[in-house]
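K.L.:
Here you go, one structure.
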Amino acid sequence: MALRVPQSAGPQLFKEGYKNLQGLEEVIFRNIQATKEMSEITRTSFGPNGRNKMIVNHLEKLFVTNDAATIIRELEVVHPAAKLIVMASQQQEAEAGDGTNYVIIFASELLQKAEALLRMGLHPSEIARGYELALDAALEGLETLATDSVGDWTQPSELLKAIRTAIASKQYGQEELLGRLVAEAVSAAMPARDHTRFNVDNVRVVKVLGGALAQSQVVHGMVFPRSPETACRRAQFAKVAVFACPVDMGQTETKGTVLLHNAAEMLDYTKGEEAQMEAAIRELHEAGVKALVCGSGIGDLAIHYLNRYDMVAVKCPSKFELRRLSRVVGASPLARLGVPTAEEMGYCDELRTDEIGGDRVT
């Protein structure tokens, strides 16, 4: 039942515009109706043959999907009861990654069944107690209905048992192909000691235009959908330096005017910058660094000296991708251009550039 707010005959307790709702008709039945309308939105998208929904969010971005998690995330639900079901569905997405639509439909059906009991005169606490008893009985019955179980979490064949049904609801007919790829990727990123500490962020998808779905493959490492900035495009058993700052000469904050009288002064003007940049790249080369990843821009002068010392330079403009790369190679992103220490350097077995569907990936 709703909380009863006492009505005061004296000065008003709350600011103007507040509403006081109580009783079955004003509160509980309205909440049940709101959850029913919420489930009607996502009900037709349930299952592998569910219909797609076209959604335009507040940024005028268009979504065409049958994924309930995406639908409810873009809908701005304000009703308190419907928002509780949305929160339950989001928790299901965070815990299992599947079954979000089922949570909304199931919760709405339970509340609609409770509506008939409320009209018969039962108290809401009695109905809640009955549902708790039904939950205990359902959990006991589920143990007897199991047909298979996942044994070794590090084996792709075992993981495929749990992955196949989740993929079939979104990519019906492709669950075997995609299931094997996902199982292989998950088993490669699975922690050796405790599988409950698995990080979903360790498995990423890179989309490349061209080709077919059957050409998808799992890469044990990291893929950038761009080619290196330097002429050298391959390195093996390389030490990797990761920089969060630009690999270029620093620019002054204030503008100035330089007056050059002859050609000799013009040549001498840039010699200082060139010598400084060459010294920085030479120090990296002498430290054994073969590959360089930069989160900002790489200047033309730096690319010139990187080509001279046969070093590979890759630009990674996304700070999230830079963070993931640092975790893969075991490096620490540096905020200044200089030689990293042994602890700050990373390592990779191979760095290469391939052409897939007309696009170069590293």
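Ligands are numbered from 1 in the order shown, chains are lettered A, B, ... in the order of the structure tokens, and residues start at 1 in each chain.
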From stretch 53-119 of chain A, collect each residue whose DSSP state is alpha helix (DSSP H) and return the set as a ChimeraX atom specification.

P.N.:
/A:68-74,80-95,100-119

K.L.:
Let's see if you can do this: from backbone DSSP, list all strand (DSSP E) residues in stretch 130-333 of chain A, as a list of chain:residue names.

P.N.:
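Everything in stretch 130-333 of chain A that counts as strand (DSSP E) is A:Ala235, A:Gln236, A:Phe237, A:Ala238, A:Lys239, A:Val240, A:Ala241, A:Val242, A:Phe243, A:Val289, A:Lys290, A:Ala291, A:Leu292, A:Val293, A:Cys294, A:Val312, A:Ala313, A:Val314, A:Lys315.
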
K.L.:
If we count only C-alpha atoms and set the cut-off at 7 Å, which residues sit around A:Lys53, ignoring sequence neighbours fewer than 6 positions away in its own chain? Please answer as a ChimeraX atom specification.

P.N.:
/A:64-66

K.L.:
Kindly export the residues of the current selection with C-alpha atoms, as a tab-separated table (two decimals), in the first residue's frame.

P.N.:
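Dumped to selection26.tsv:
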```tsv
chain	number	residue	atom	x	y	z
A	64	VAL	CA	16.90	0.27	-35.48
A	65	THR	CA	17.20	-2.67	-33.09
A	66	ASN	CA	15.32	-5.47	-31.35
```

K.L.:
Counting only C-alpha atoms, what is within 8 Å of stretch 201-208 of chain A, bar same-chain residues fewer than 6 positions away, as a list in words?

P.N.:
Ala185, Val186, Ala189, Val223, Phe224, Pro225, Arg324, Ile356, Gly357 and Asp359 of chain A

K.L.:
Grab the residues selected above and save them as a PDB file, in the first residue's frame with N, CA and C atoms.

P.N.:
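Output file out.pdb follows:
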```pdb
ATOM      1  N   ALA A 185      37.556 -16.277 -28.041  1.00  0.00           N
ATOM      2  CA  ALA A 185      38.019 -15.001 -27.484  1.00  0.00           C
ATOM      3  C   ALA A 185      37.869 -14.969 -25.964  1.00  0.00           C
ATOM      4  N   VAL A 186      36.754 -15.491 -25.470  1.00  0.00           N
ATOM      5  CA  VAL A 186      36.519 -15.479 -24.023  1.00  0.00           C
ATOM      6  C   VAL A 186      37.500 -16.390 -23.302  1.00  0.00           C
ATOM      7  N   ALA A 189      40.853 -14.721 -22.974  1.00  0.00           N
ATOM      8  CA  ALA A 189      40.905 -13.620 -22.008  1.00  0.00           C
ATOM      9  C   ALA A 189      40.484 -14.029 -20.609  1.00  0.00           C
ATOM     10  N   VAL A 223      43.855  -4.843 -32.370  1.00  0.00           N
ATOM     11  CA  VAL A 223      43.764  -4.436 -33.768  1.00  0.00           C
ATOM     12  C   VAL A 223      43.354  -2.972 -33.826  1.00  0.00           C
ATOM     13  N   PHE A 224      44.074  -2.184 -34.638  1.00  0.00           N
ATOM     14  CA  PHE A 224      43.716  -0.793 -34.903  1.00  0.00           C
ATOM     15  C   PHE A 224      43.233  -0.685 -36.341  1.00  0.00           C
ATOM     16  N   PRO A 225      42.077  -0.080 -36.577  1.00  0.00           N
ATOM     17  CA  PRO A 225      41.586   0.050 -37.963  1.00  0.00           C
ATOM     18  C   PRO A 225      42.266   1.192 -38.703  1.00  0.00           C
ATOM     19  N   ARG A 324      43.585   0.425 -23.159  1.00  0.00           N
ATOM     20  CA  ARG A 324      43.519  -1.019 -23.392  1.00  0.00           C
ATOM     21  C   ARG A 324      44.831  -1.542 -23.962  1.00  0.00           C
ATOM     22  N   ILE A 356      42.560  -5.721 -45.301  1.00  0.00           N
ATOM     23  CA  ILE A 356      41.322  -6.503 -45.234  1.00  0.00           C
ATOM     24  C   ILE A 356      40.213  -5.686 -45.875  1.00  0.00           C
ATOM     25  N   GLY A 357      39.640  -6.208 -46.946  1.00  0.00           N
ATOM     26  CA  GLY A 357      38.535  -5.520 -47.585  1.00  0.00           C
ATOM     27  C   GLY A 357      38.863  -4.132 -48.103  1.00  0.00           C
ATOM     28  N   ASP A 359      40.851  -1.994 -46.638  1.00  0.00           N
ATOM     29  CA  ASP A 359      41.304  -1.144 -45.538  1.00  0.00           C
ATOM     30  C   ASP A 359      42.515  -1.788 -44.868  1.00  0.00           C
TER      31      ASP A 359
END
```

K.L.:
What gap, in Å, lies between atom CA of A:Pro246 and atom CA of A:Cys294?

P.N.:
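Atom CA of A:Cys294 lies at a distance of 6.7 Å from atom CA of A:Pro246.
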
K.L.:
Please measure the separation of atom CA of A:Gly295 and atom CA of A:Leu322, giving the value in Å to one decimal.

P.N.:
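The value is 6.5 Å.
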
K.L.:
Which residues, written as number ranges by chain, have at least one atom at most 8 Å from A:Ala238, with only C-alpha atoms counted and residues fewer than 3 positions away on the same chain left out?

P.N.:
A: 235, 288-291, 347-351

K.L.:
Closest to A:Ser216 among A:Lys315, A:Arg308, A:Arg180, A:Arg193, using only C-alpha atoms?

P.N.:
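Nearest candidate to A:Ser216 out of A:Lys315, A:Arg308, A:Arg180, A:Arg193: A:Arg180.
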
K.L.:
Residues within 9 Å of A:Ser108, please, as a PyMOL selection string. Count only C-alpha atoms; anything in the same chain fewer than 4 positions from it doesn't count.

P.N.:
chain A and resi 32-33+35-39+85+103-104+112-113

K.L.:
Nearest to A:Thr165 among A:Cys232, A:Leu178, A:Ile55, A:Ala82, with distances taken over only C-alpha atoms: which residue is it?

P.N.:
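So, comparing all the options, the nearest one is A:Leu178.
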
K.L.:
Grab the atom CA of A:Ser169 to atom CA of A:Asn49 distance for me, in Å with one decimal place.

P.N.:
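Separation between atom CA of A:Ser169 and atom CA of A:Asn49: 7.9 Å.
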
K.L.:
For stretch 114-131 of chain A, work out the shell of residues within 8 Å, counting only C-alpha atoms and skipping chain neighbours fewer than 2 positions away, then give it as a list in words.

P.N.:
Met1, Phe29, Ile32, Leu110, Leu111, Gln112, Leu133, Ala134 and Leu135 of chain A

K.L.:
Please determine, counting only C-alpha atoms, which residue among A:Val150, A:Ala263, A:Val329, A:Ile167 has the shortest atom-to-atom distance to A:Phe237.

P.N.:
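Checking each of A:Val150, A:Ala263, A:Val329, A:Ile167 against A:Phe237, counting only C-alpha atoms, the winner is A:Val329.
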